[in-house]
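Peer 1: Structure: my_file_0.pdb, PDB, C-alpha atoms.
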ATOM      1  CA  MET W1162     101.042-140.875 195.796
ATOM      2  CA  LEU W1163      98.761-139.207 198.187
ATOM      3  CA  THR W1164      98.506-136.130 196.066
ATOM      4  CA  ASP W1165      97.731-138.346 193.066
ATOM      5  CA  VAL W1166      94.852-139.999 194.918
ATOM      6  CA  VAL W1167      93.548-136.672 195.992
ATOM      7  CA  ARG W1168      93.859-135.398 192.443
ATOM      8  CA  MET W1169      92.060-138.470 191.058
ATOM      9  CA  THR W1170      89.329-138.214 193.623
ATOM     10  CA  THR W1171      88.908-134.572 192.942
ATOM     11  CA  ARG W1172      88.836-135.254 189.248
ATOM     12  CA  ARG W1173      86.257-138.030 189.703
ATOM     13  CA  ARG W1174      84.161-135.762 191.849
ATOM     14  CA  MET W1175      84.391-133.054 189.264
ATOM     15  CA  LEU W1176      83.325-135.475 186.570
ATOM     16  CA  GLN W1177      80.473-136.687 188.742
ATOM     17  CA  ALA W1178      79.514-133.153 189.462
ATOM     18  CA  THR W1179      79.638-132.303 185.767
ATOM     19  CA  GLY W1180      77.627-135.407 184.972
ATOM     20  CA  ALA W1181      75.069-134.415 187.546
ATOM     21  CA  MET W1182      74.951-130.971 186.105
ATOM     22  CA  VAL W1183      74.539-132.310 182.586
ATOM     23  CA  GLY W1184      71.787-134.518 183.889
ATOM     24  CA  ALA W1185      70.170-131.601 185.608
ATOM     25  CA  VAL W1186      70.410-129.495 182.499
ATOM     26  CA  THR W1187      68.985-132.305 180.402
ATOM     27  CA  LEU W1188      66.166-132.886 182.819
ATOM     28  CA  SER W1189      65.245-129.266 183.056
ATOM     29  CA  GLY W1190      65.608-129.063 179.283
ATOM     30  CA  CYS W1191      63.101-131.879 178.921
ATOM     31  CA  GLY W1192      60.950-130.226 181.513
ATOM     32  CA  LEU W1193      60.579-127.202 179.306
ATOM     33  CA  PHE W1194      58.799-129.316 176.731
ATOM     34  CA  ASP W1195      57.094-132.242 178.450
ATOM     35  CA  ASP W1196      57.375-132.536 182.170
ATOM     36  CA  ASP W1197      56.494-129.163 183.469
ATOM     37  CA  PRO W1198      54.754-127.215 180.725
ATOM     38  CA  GLU W1199      53.225-123.851 181.354
ATOM     39  CA  PRO W1200      49.569-124.801 180.947
ATOM     40  CA  ALA W1201      48.615-123.425 177.519
ATOM     41  CA  PRO W1202      45.922-120.835 178.197
ATOM     42  CA  GLU W1203      42.533-121.962 176.962
ATOM     43  CA  PRO W1204      41.704-119.859 173.917
ATOM     44  CA  ASP W1205      38.925-117.423 174.717
ATOM     45  CA  ALA W1206      35.504-118.540 173.475
ATOM     46  CA  LEU W1207      35.275-115.323 171.475
ATOM     47  CA  GLN W1208      38.651-115.763 169.756
ATOM     48  CA  PRO W1209      37.067-117.420 166.664
ATOM     49  CA  VAL W1210      34.619-114.508 166.378
ATOM     50  CA  LEU W1211      37.547-112.072 166.579
ATOM     51  CA  ASP W1212      39.595-113.994 163.985
ATOM     52  CA  GLU W1213      36.600-113.992 161.629
ATOM     53  CA  ALA W1214      36.067-110.259 162.069
ATOM     54  CA  VAL W1215      39.691-109.612 161.079
ATOM     55  CA  ALA W1216      39.518-112.006 158.113
ATOM     56  CA  LEU W1217      36.194-110.548 156.941
ATOM     57  CA  ALA W1218      37.530-106.979 157.072
ATOM     58  CA  ALA W1219      40.518-108.036 154.954
ATOM     59  CA  ALA W1220      38.254-109.862 152.481
ATOM     60  CA  TYR W1221      36.109-106.726 152.023
ATOM     61  CA  ASP W1222      39.259-104.708 151.354
ATOM     62  CA  ARG W1223      40.325-107.127 148.621
ATOM     63  CA  VAL W1224      36.886-107.204 146.951
ATOM     64  CA  ALA W1225      36.667-103.388 147.130
ATOM     65  CA  LEU W1226      39.792-103.182 144.970
ATOM     66  CA  LEU W1227      38.192-105.464 142.385
ATOM     67  CA  GLN W1228      34.737-103.775 142.481
ATOM     68  CA  PRO W1229      35.319-100.011 142.504
ATOM     69  CA  ALA W1230      31.608 -99.313 141.920
ATOM     70  CA  MET W1231      30.799-100.903 145.281
ATOM     71  CA  ALA W1232      33.873 -99.649 147.083
ATOM     72  CA  GLU W1233      31.975 -97.250 149.343
ATOM     73  CA  THR W1234      29.539 -99.857 150.673
ATOM     74  CA  LEU W1235      32.278-102.456 150.983
ATOM     75  CA  SER W1236      34.554-100.153 152.934
ATOM     76  CA  THR W1237      31.710 -99.257 155.328
ATOM     77  CA  LEU W1238      31.111-102.932 156.030
ATOM     78  CA  ALA W1239      34.854-103.561 156.402
ATOM     79  CA  GLY W1240      34.889-100.723 158.933
ATOM     80  CA  ASN W1241      32.082-102.407 160.902
ATOM     81  CA  HIS W1242      34.133-105.615 161.104
ATOM     82  CA  ARG W1243      37.139-103.616 162.318
ATOM     83  CA  GLN W1244      35.002-102.062 165.052
ATOM     84  CA  HIS W1245      33.845-105.568 166.021
ATOM     85  CA  ALA W1246      37.475-106.734 166.160
ATOM     86  CA  THR W1247      38.495-103.815 168.364
ATOM     87  CA  GLU W1248      35.709-104.446 170.879
ATOM     88  CA  LEU W1249      36.201-108.208 170.901
ATOM     89  CA  ALA W1250      39.935-107.789 171.513
ATOM     90  CA  ARG W1251      39.174-105.437 174.393
ATOM     91  CA  VAL W1252      36.716-107.893 175.981
ATOM     92  CA  ILE W1253      39.071-110.858 175.500
ATOM     93  CA  GLY W1254      42.012-108.821 176.788
ATOM     94  CA  THR W1255      44.186-109.308 173.722
ATOM     95  CA  THR W1256      45.294-107.341 170.700
ATOM     96  CA  VAL W1257      43.668-107.393 167.278
ATOM     97  CA  PRO W1258      45.560-110.085 165.343
ATOM     98  CA  SER W1259      47.155-109.403 161.987
ATOM     99  CA  ALA W1260      45.029-110.472 159.054
ATOM    100  CA  ALA W1261      47.922-112.032 157.172
ATOM    101  CA  PRO W1262      47.763-115.760 158.007
ATOM    102  CA  SER W1263      44.015-116.281 157.776
ATOM    103  CA  ALA W1264      43.246-113.468 155.359
ATOM    104  CA  SER W1265      41.870-115.599 152.556
ATOM    105  CA  ALA W1266      40.153-117.991 154.963
ATOM    106  CA  ALA W1267      37.029-115.835 155.217
ATOM    107  CA  THR W1268      36.011-116.242 151.595
ATOM    108  CA  GLY W1269      37.944-119.433 150.904
ATOM    109  CA  GLY W1270      39.645-117.606 148.049
ATOM    110  CA  ASP W1271      36.325-116.516 146.487
ATOM    111  CA  ASP W1272      36.928-112.757 146.447
ATOM    112  CA  THR W1273      33.545-111.787 145.023
ATOM    113  CA  VAL W1274      30.413-110.256 146.522
ATOM    114  CA  ALA W1275      28.881-113.746 146.511
ATOM    115  CA  GLY W1276      31.927-115.003 148.388
ATOM    116  CA  LEU W1277      31.517-112.239 150.968
ATOM    117  CA  LYS W1278      27.854-113.153 151.491
ATOM    118  CA  LYS W1279      28.772-116.773 152.123
ATOM    119  CA  ALA W1280      31.500-115.720 154.523
ATOM    120  CA  GLU W1281      29.036-113.464 156.386
ATOM    121  CA  GLN W1282      26.543-116.333 156.675
ATOM    122  CA  SER W1283      29.179-118.581 158.134
ATOM    123  CA  GLY W1284      30.347-115.774 160.428
ATOM    124  CA  GLN W1285      26.787-115.146 161.569
ATOM    125  CA  ARG W1286      26.445-118.810 162.575
ATOM    126  CA  THR W1287      29.660-118.618 164.601
ATOM    127  CA  ALA W1288      28.474-115.467 166.355
ATOM    128  CA  VAL W1289      24.992-116.846 167.092
ATOM    129  CA  ALA W1290      26.535-119.930 168.701
ATOM    130  CA  ALA W1291      28.980-117.748 170.641
ATOM    131  CA  CYS W1292      26.119-115.508 171.833
ATOM    132  CA  LYS W1293      24.119-118.523 173.024
ATOM    133  CA  ALA W1294      27.107-119.827 174.999
ATOM    134  CA  ALA W1295      28.311-116.446 176.283
ATOM    135  CA  PRO W1296      28.073-115.272 179.880
ATOM    136  CA  ALA W1297      25.457-112.571 180.402
ATOM    137  CA  GLU W1298      27.945-109.684 180.334
ATOM    138  CA  ARG W1299      29.100-110.623 176.824
ATOM    139  CA  ALA W1300      25.711-111.510 175.319
ATOM    140  CA  MET W1301      24.823-108.041 174.035
ATOM    141  CA  LEU W1302      28.143-107.421 172.296
ATOM    142  CA  VAL W1303      28.220-110.814 170.576
ATOM    143  CA  GLY W1304      24.502-110.523 169.762
ATOM    144  CA  SER W1305      25.071-107.177 168.061
ATOM    145  CA  ILE W1306      27.930-108.684 166.062
ATOM    146  CA  ALA W1307      25.758-111.634 164.974
ATOM    147  CA  ALA W1308      22.957-109.272 163.924
ATOM    148  CA  GLY W1309      25.492-106.997 162.252
ATOM    149  CA  ARG W1310      26.809-109.826 160.090
ATOM    150  CA  ALA W1311      23.228-110.617 159.041
ATOM    151  CA  THR W1312      22.602-106.984 158.047
ATOM    152  CA  HIS W1313      25.756-107.076 155.909
ATOM    153  CA  ILE W1314      24.217-109.826 153.788
ATOM    154  CA  GLU W1315      21.179-107.587 153.273
ATOM    155  CA  ALA W1316      23.402-104.599 152.474
ATOM    156  CA  LEU W1317      25.154-106.624 149.740
ATOM    157  CA  ARG W1318      21.899-107.352 147.875
TER     158      ARG W1318
ATOM    159  CA  MET D   9      13.549-110.593 182.876
ATOM    160  CA  LYS D  10       9.975-109.350 183.198
ATOM    161  CA  ASP D  11      10.994-105.760 182.572
ATOM    162  CA  GLU D  12      13.054-106.627 179.506
ATOM    163  CA  LEU D  13      10.288-108.754 177.990
ATOM    164  CA  ALA D  14       7.741-106.039 178.757
ATOM    165  CA  GLY D  15      10.046-103.597 176.967
ATOM    166  CA  ALA D  16      10.209-105.861 173.925
ATOM    167  CA  LEU D  17       6.424-106.183 174.002
ATOM    168  CA  ALA D  18       6.007-102.402 174.084
ATOM    169  CA  ALA D  19       8.403-102.051 171.140
ATOM    170  CA  GLU D  20       6.534-104.691 169.129
ATOM    171  CA  GLU D  21       3.201-102.954 169.840
ATOM    172  CA  ALA D  22       4.684 -99.663 168.677
ATOM    173  CA  ALA D  23       5.983-101.310 165.511
ATOM    174  CA  ILE D  24       2.567-102.769 164.651
ATOM    175  CA  TRP D  25       0.997 -99.361 165.154
ATOM    176  CA  ALA D  26       3.685 -97.605 163.103
ATOM    177  CA  TYR D  27       3.454 -99.971 160.134
ATOM    178  CA  GLY D  28      -0.246 -99.152 159.797
ATOM    179  CA  LEU D  29       0.765 -95.553 159.205
ATOM    180  CA  ILE D  30       3.818 -96.398 157.122
ATOM    181  CA  GLY D  31       1.763 -98.461 154.666
ATOM    182  CA  VAL D  32      -0.549 -95.535 153.995
ATOM    183  CA  HIS D  33       2.345 -93.388 152.786
ATOM    184  CA  LEU D  34       4.106 -95.936 150.596
ATOM    185  CA  PRO D  35       2.937 -95.447 146.999
ATOM    186  CA  ASN D  36       4.689 -98.480 145.578
ATOM    187  CA  GLN D  37       2.993-101.893 145.811
ATOM    188  CA  GLY D  38       6.257-103.739 146.436
ATOM    189  CA  GLU D  39       7.106-101.445 149.321
ATOM    190  CA  GLN D  40       3.589-101.802 150.739
ATOM    191  CA  ASN D  41       3.973-105.567 150.617
ATOM    192  CA  ARG D  42       7.241-105.327 152.504
ATOM    193  CA  ALA D  43       5.601-103.141 155.134
ATOM    194  CA  ARG D  44       2.734-105.622 155.495
ATOM    195  CA  ALA D  45       5.146-108.551 155.815
ATOM    196  CA  ALA D  46       7.082-106.665 158.486
ATOM    197  CA  GLU D  47       3.870-105.855 160.356
ATOM    198  CA  ASP D  48       2.873-109.539 160.271
ATOM    199  CA  ALA D  49       6.267-110.564 161.642
ATOM    200  CA  HIS D  50       5.884-108.076 164.497
ATOM    201  CA  ARG D  51       2.381-109.412 165.260
ATOM    202  CA  VAL D  52       3.726-112.954 165.607
ATOM    203  CA  LEU D  53       6.401-111.753 168.021
ATOM    204  CA  ARG D  54       3.902-109.595 169.899
ATOM    205  CA  ASP D  55       1.490-112.503 170.406
ATOM    206  CA  ASP D  56       4.316-114.698 171.598
ATOM    207  CA  LEU D  57       5.472-112.037 174.056
ATOM    208  CA  VAL D  58       1.951-111.523 175.424
ATOM    209  CA  GLU D  59       1.927-115.203 176.427
ATOM    210  CA  GLN D  60       5.427-115.069 177.926
ATOM    211  CA  VAL D  61       4.706-111.960 179.927
ATOM    212  CA  ALA D  62       1.395-113.435 181.139
ATOM    213  CA  ALA D  63       3.215-116.629 182.198
ATOM    214  CA  LEU D  64       5.582-114.510 184.268
ATOM    215  CA  LYS D  65       2.558-112.816 185.801
ATOM    216  CA  ALA D  66       4.072-109.483 184.974
ATOM    217  CA  SER D  67       1.621-106.655 184.865
ATOM    218  CA  THR D  68       1.298-105.596 181.270
ATOM    219  CA  SER D  69       1.154-101.888 180.981
ATOM    220  CA  PRO D  70      -2.078-100.856 179.321
ATOM    221  CA  THR D  71      -1.759-100.117 175.633
ATOM    222  CA  PRO D  72      -1.314 -96.377 175.355
ATOM    223  CA  ALA D  73      -4.183 -94.533 173.755
ATOM    224  CA  GLY D  74      -1.887 -93.075 171.155
ATOM    225  CA  TYR D  75       1.728 -93.027 170.162
ATOM    226  CA  GLU D  76       3.656 -89.888 169.497
ATOM    227  CA  LEU D  77       5.562 -89.838 166.255
ATOM    228  CA  PRO D  78       9.220 -88.894 166.597
ATOM    229  CA  PHE D  79       8.821 -86.697 163.507
ATOM    230  CA  PRO D  80       6.023 -85.866 161.090
ATOM    231  CA  VAL D  81       5.205 -88.612 158.573
ATOM    232  CA  GLU D  82       3.495 -87.215 155.520
ATOM    233  CA  ASP D  83       5.070 -88.885 152.519
ATOM    234  CA  ARG D  84       7.144 -91.847 151.327
ATOM    235  CA  ALA D  85      10.386 -90.384 152.665
ATOM    236  CA  GLY D  86       8.845 -89.880 156.112
ATOM    237  CA  ALA D  87       7.317 -93.358 156.061
ATOM    238  CA  LEU D  88      10.658 -94.967 155.220
ATOM    239  CA  LYS D  89      12.386 -92.916 157.902
ATOM    240  CA  LEU D  90       9.799 -94.091 160.449
ATOM    241  CA  ALA D  91      10.243 -97.713 159.348
ATOM    242  CA  ILE D  92      14.011 -97.457 159.927
ATOM    243  CA  HIS D  93      13.457 -95.734 163.281
ATOM    244  CA  ILE D  94      10.954 -98.325 164.476
ATOM    245  CA  GLU D  95      13.076-101.346 163.462
ATOM    246  CA  ASP D  96      16.154 -99.866 165.143
ATOM    247  CA  GLY D  97      14.032 -99.394 168.270
ATOM    248  CA  VAL D  98      12.740-102.977 168.239
ATOM    249  CA  ALA D  99      16.314-104.267 167.851
ATOM    250  CA  GLN D 100      17.328-102.198 170.891
ATOM    251  CA  ALA D 101      14.436-103.585 172.947
ATOM    252  CA  TRP D 102      15.377-107.201 172.127
ATOM    253  CA  ARG D 103      19.101-106.669 172.730
ATOM    254  CA  VAL D 104      18.587-106.101 176.451
ATOM    255  CA  VAL D 105      16.695-109.398 176.624
ATOM    256  CA  LEU D 106      19.903-111.282 175.670
ATOM    257  CA  PRO D 107      21.747-111.033 179.014
ATOM    258  CA  VAL D 108      18.652-111.969 181.060
ATOM    259  CA  THR D 109      17.925-115.134 179.047
ATOM    260  CA  GLU D 110      19.833-118.333 178.301
ATOM    261  CA  GLY D 111      19.802-121.111 175.736
ATOM    262  CA  THR D 112      16.857-121.220 173.350
ATOM    263  CA  ALA D 113      15.171-118.184 174.897
ATOM    264  CA  ARG D 114      18.291-116.149 174.182
ATOM    265  CA  THR D 115      18.569-117.525 170.642
ATOM    266  CA  ASP D 116      14.928-116.558 170.047
ATOM    267  CA  ALA D 117      15.558-113.035 171.323
ATOM    268  CA  LEU D 118      18.620-112.794 169.079
ATOM    269  CA  ALA D 119      16.563-113.995 166.095
ATOM    270  CA  ALA D 120      13.960-111.280 166.740
ATOM    271  CA  MET D 121      16.681-108.649 167.163
ATOM    272  CA  THR D 122      18.424-109.794 163.990
ATOM    273  CA  ALA D 123      15.187-109.778 161.969
ATOM    274  CA  SER D 124      14.567-106.160 162.963
ATOM    275  CA  ALA D 125      18.157-105.149 162.232
ATOM    276  CA  VAL D 126      17.961-106.764 158.795
ATOM    277  CA  ARG D 127      14.639-105.018 158.060
ATOM    278  CA  ALA D 128      16.180-101.706 159.154
ATOM    279  CA  THR D 129      18.997-102.248 156.653
ATOM    280  CA  ARG D 130      16.492-103.217 153.946
ATOM    281  CA  TRP D 131      14.530 -99.978 154.552
ATOM    282  CA  ARG D 132      17.786 -98.019 154.461
ATOM    283  CA  ARG D 133      18.601 -99.603 151.106
ATOM    284  CA  ILE D 134      15.122 -98.792 149.752
ATOM    285  CA  ALA D 135      15.367 -95.215 151.082
ATOM    286  CA  ALA D 136      18.986 -94.910 149.841
ATOM    287  CA  VAL D 137      20.108 -93.980 153.357
ATOM    288  CA  THR D 138      23.751 -94.528 154.250
ATOM    289  CA  PRO D 139      25.360 -96.162 156.046
ATOM    290  CA  LEU D 140      23.264 -99.189 155.135
ATOM    291  CA  ALA D 141      24.369-101.168 158.162
ATOM    292  CA  LEU D 142      25.032-100.008 161.711
ATOM    293  CA  ALA D 143      28.220-101.319 163.311
ATOM    294  CA  PHE D 144      26.373-102.589 166.403
ATOM    295  CA  PRO D 145      22.670-103.136 165.693
ATOM    296  CA  GLY D 146      20.573-102.799 168.825
ATOM    297  CA  ARG D 147      23.091-100.632 170.642
ATOM    298  CA  PRO D 148      21.528 -97.280 171.442
ATOM    299  CA  GLU D 149      23.363 -94.515 169.656
ATOM    300  CA  ALA D 150      25.599 -92.613 171.997
TER     301      ALA D 150
END
Using structure tokens, write down the structure from this file.
Peer 2:
Amino acid sequence: MLTDVVRMTTRRRMLQATGAMVGAVTLSGCGLFDDDPEPAPEPDALQPVLDEAVALAAAYDRVALLQPAMAETLSTLAGNHRQHATELARVIGTTVPSAAPSASAATGGDDTVAGLKKAEQSGQRTAVAACKAAPAERAMLVGSIAAGRATHIEALR
Amino acid sequence: MKDELAGALAAEEAAIWAYGLIGVHLPNQGEQNRARAAEDAHRVLRDDLVEQVAALKASTSPTPAGYELPFPVEDRAGALKLAIHIEDGVAQAWRVVLPVTEGTARTDALAAMTASAVRATRWRRIAAVTPLALAFPGRPEA
């Protein structure tokens, strides 16, 4: 009898303990998603400028394949965007993202010289706004990128 | 900020002076018109800068008696080369204004820098100079 009681008690305790553990696991499981999230890092203010640089470079590559006569100019301008991306990534402290997901976003699917010009105009606006909002130490880099995008429109004339 | 604005003013003065010479050596009417339009744009910026620098009570350096050309300018090719050189220089002078200004003043400086960079690319296109566009306009070449 006594041993049975002890056994039952032990068993109940074990069940309680297991229940508590399950609860703990469940709670911490929830915590991963809602209660105790790692605060998502604020995206850097220059991230959109970087994403555009990558998308623009990819767009130039695509148009260069379709317009062999302009391939040299287009590849120079693509190279400028890649240099922008490299420097922006360095300043942000990240890596240059892959062009794949947003590749067609730059021209909105309009892979023509006219489409590139529109994409540069939109990119210039982004960079001008980013330059205005930037801390002093970033103003020259972002300013050069904004001006660079404007010169690309002139180079495509 | 005074020093940077004074630098931009000096660059604009040099541009106005240079375009007088550039125009003389451009045989084509269309190119002359472009040079005149560029000179006018630099005059507007110069006048604006004179007021800003005066408001800051910065001592304006006296206009130099003469400028030295970076290379001889005797024909269309030389004139176009000078136009590219001068616009690149103006863009450089405005770029250093960016970190010492904020808000609208910075946007204005960026607009002036961009206008010069775009004109430099236009002159490169007219002169068939490659690359047409610098990667980082306004950044002094290393």
Peer 1: Quick check, in Å to one decimal: how far apart do CA of Ser1305 in chain W and CA of Gly1276 in chain W lie?
Peer 2: 22.3 Å
Peer 1: If we count only C-alpha atoms, which residues of chain W reach to within 10 Å of chain D? Please list them as a PDB file with C-alpha atoms, keeping the file's coordinate frame.
Peer 2:
ATOM      1  CA  GLU W1233      31.975 -97.250 149.343  1.00  0.00           C
ATOM      2  CA  THR W1234      29.539 -99.857 150.673  1.00  0.00           C
ATOM      3  CA  THR W1237      31.710 -99.257 155.328  1.00  0.00           C
ATOM      4  CA  LEU W1238      31.111-102.932 156.030  1.00  0.00           C
ATOM      5  CA  ALA W1239      34.854-103.561 156.402  1.00  0.00           C
ATOM      6  CA  GLY W1240      34.889-100.723 158.933  1.00  0.00           C
ATOM      7  CA  ASN W1241      32.082-102.407 160.902  1.00  0.00           C
ATOM      8  CA  HIS W1242      34.133-105.615 161.104  1.00  0.00           C
ATOM      9  CA  ARG W1243      37.139-103.616 162.318  1.00  0.00           C
ATOM     10  CA  GLN W1244      35.002-102.062 165.052  1.00  0.00           C
ATOM     11  CA  HIS W1245      33.845-105.568 166.021  1.00  0.00           C
ATOM     12  CA  VAL W1289      24.992-116.846 167.092  1.00  0.00           C
ATOM     13  CA  ALA W1290      26.535-119.930 168.701  1.00  0.00           C
ATOM     14  CA  CYS W1292      26.119-115.508 171.833  1.00  0.00           C
ATOM     15  CA  LYS W1293      24.119-118.523 173.024  1.00  0.00           C
ATOM     16  CA  ALA W1294      27.107-119.827 174.999  1.00  0.00           C
ATOM     17  CA  ALA W1295      28.311-116.446 176.283  1.00  0.00           C
ATOM     18  CA  PRO W1296      28.073-115.272 179.880  1.00  0.00           C
ATOM     19  CA  ALA W1297      25.457-112.571 180.402  1.00  0.00           C
ATOM     20  CA  GLU W1298      27.945-109.684 180.334  1.00  0.00           C
ATOM     21  CA  ARG W1299      29.100-110.623 176.824  1.00  0.00           C
ATOM     22  CA  ALA W1300      25.711-111.510 175.319  1.00  0.00           C
ATOM     23  CA  MET W1301      24.823-108.041 174.035  1.00  0.00           C
ATOM     24  CA  LEU W1302      28.143-107.421 172.296  1.00  0.00           C
ATOM     25  CA  VAL W1303      28.220-110.814 170.576  1.00  0.00           C
ATOM     26  CA  GLY W1304      24.502-110.523 169.762  1.00  0.00           C
ATOM     27  CA  SER W1305      25.071-107.177 168.061  1.00  0.00           C
ATOM     28  CA  ILE W1306      27.930-108.684 166.062  1.00  0.00           C
ATOM     29  CA  ALA W1307      25.758-111.634 164.974  1.00  0.00           C
ATOM     30  CA  ALA W1308      22.957-109.272 163.924  1.00  0.00           C
ATOM     31  CA  GLY W1309      25.492-106.997 162.252  1.00  0.00           C
ATOM     32  CA  ARG W1310      26.809-109.826 160.090  1.00  0.00           C
ATOM     33  CA  ALA W1311      23.228-110.617 159.041  1.00  0.00           C
ATOM     34  CA  THR W1312      22.602-106.984 158.047  1.00  0.00           C
ATOM     35  CA  HIS W1313      25.756-107.076 155.909  1.00  0.00           C
ATOM     36  CA  ILE W1314      24.217-109.826 153.788  1.00  0.00           C
ATOM     37  CA  GLU W1315      21.179-107.587 153.273  1.00  0.00           C
ATOM     38  CA  ALA W1316      23.402-104.599 152.474  1.00  0.00           C
ATOM     39  CA  LEU W1317      25.154-106.624 149.740  1.00  0.00           C
ATOM     40  CA  ARG W1318      21.899-107.352 147.875  1.00  0.00           C
TER      41      ARG W1318
END
Peer 1: Any chance you could resolve the PyMOL selection byres ((chain D and resi 33) around 7) against this file and give the residues as number ranges by chain?
Peer 2: D: 29-32, 34-35, 82-84, 87
Peer 1: Can you measure CA of Ala1275 in chain W to CA of Ser1259 in chain W for me? One decimal in Å is fine.
Peer 2: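 Taking CA of Ala1275 in chain W as the start and CA of Ser1259 in chain W as the end point, the length is 24.3 Å.
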Peer 1: So which residues touch range 1280-1282 of chain W within 6 Å, counting only C-alpha atoms, skipping near sequence neighbours fewer than 3 positions away, as an NGL selection string?
Peer 2: :W and (1267-1268 or 1277 or 1285 or 1310)
Peer 1: Taking all atoms listed in the file into account, which of D:Ala45, D:Val98, D:Ala136, D:Met9 comes nearest Gly28 in chain D?
Peer 2: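 Checking each candidate against Gly28 in chain D, we get D:Ala45 as the closest.
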Peer 1: Between D:Ala135, D:Val58, D:Leu64, D:Asn36, which residue has the minimum interatomic distance to Leu88 in chain D, considering only C-alpha atoms?
Peer 2: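 When distances to Leu88 in chain D are compared using only C-alpha atoms, the smallest one comes from D:Ala135.
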Peer 1: Measure the distance from CA of Glu76 in chain D to CA of His93 in chain D in Å and round it to one decimal.
Peer 2: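 Interatomic distance here is 13.0 Å.
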Peer 1: As JSON, please report the centre and edge lengths, rounded to one decimal in Å, of the axis-aligned box that holds all listed atoms of range 1221-1227 of chain W with 3 Å of padding on each of the six sides.
Peer 2:
{"center_x": 38.2, "center_y": -105.2, "center_z": 147.2, "size_x": 10.2, "size_y": 10.0, "size_z": 15.6}
Peer 1: Rank D:Val137, D:Glu47, D:Glu59, D:Arg54 by their smallest atom-to-atom distance to Leu17 in chain D, using only C-alpha atoms, and report the top residue only.
Peer 2: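 Counting only C-alpha atoms, the residue closest to Leu17 in chain D is D:Arg54.
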Peer 1: Assuming the chain letters and numbering stay as they are in my file, what does the PyMOL selection byres ((chain W and resi 1205-1209) around 10) actually select? List them as a PyMOL selection string.
Peer 2: chain W and resi 1202-1204+1210-1215+1246+1249-1250+1252-1255+1258+1284+1287-1288+1291-1292+1294-1295+1299+1303
Peer 1: Complete the atoms of range 53-65 of chain D to N, CA and C atoms and put them out as a compact mmCIF listing (two decimals), keeping the file's coordinate frame.
Peer 2:
# COMPACT_ATOMS: atom_id res chain seq x y z
N LEU D 53 5.54 -111.93 166.84
CA LEU D 53 6.40 -111.75 168.02
C LEU D 53 5.61 -111.16 169.18
N ARG D 54 4.73 -110.22 168.85
CA ARG D 54 3.90 -109.60 169.90
C ARG D 54 3.06 -110.66 170.61
N ASP D 55 2.37 -111.49 169.81
CA ASP D 55 1.49 -112.50 170.41
C ASP D 55 2.27 -113.46 171.30
N ASP D 56 3.45 -113.82 170.82
CA ASP D 56 4.32 -114.70 171.60
C ASP D 56 4.72 -114.04 172.93
N LEU D 57 5.05 -112.77 172.86
CA LEU D 57 5.47 -112.04 174.06
C LEU D 57 4.33 -111.87 175.05
N VAL D 58 3.11 -111.67 174.53
CA VAL D 58 1.95 -111.52 175.42
C VAL D 58 1.83 -112.77 176.29
N GLU D 59 2.01 -113.95 175.67
CA GLU D 59 1.93 -115.20 176.43
C GLU D 59 3.05 -115.31 177.45
N GLN D 60 4.28 -114.97 177.01
CA GLN D 60 5.43 -115.07 177.93
C GLN D 60 5.28 -114.14 179.12
N VAL D 61 4.85 -112.93 178.85
CA VAL D 61 4.71 -111.96 179.93
C VAL D 61 3.58 -112.39 180.87
N ALA D 62 2.50 -112.95 180.30
CA ALA D 62 1.40 -113.44 181.14
C ALA D 62 1.88 -114.59 182.02
N ALA D 63 2.70 -115.48 181.44
CA ALA D 63 3.22 -116.63 182.20
C ALA D 63 4.08 -116.17 183.36
N LEU D 64 4.75 -115.05 183.19
CA LEU D 64 5.58 -114.51 184.27
C LEU D 64 4.76 -113.70 185.26
N LYS D 65 3.48 -113.60 184.96
CA LYS D 65 2.56 -112.82 185.80
C LYS D 65 3.04 -111.38 185.98
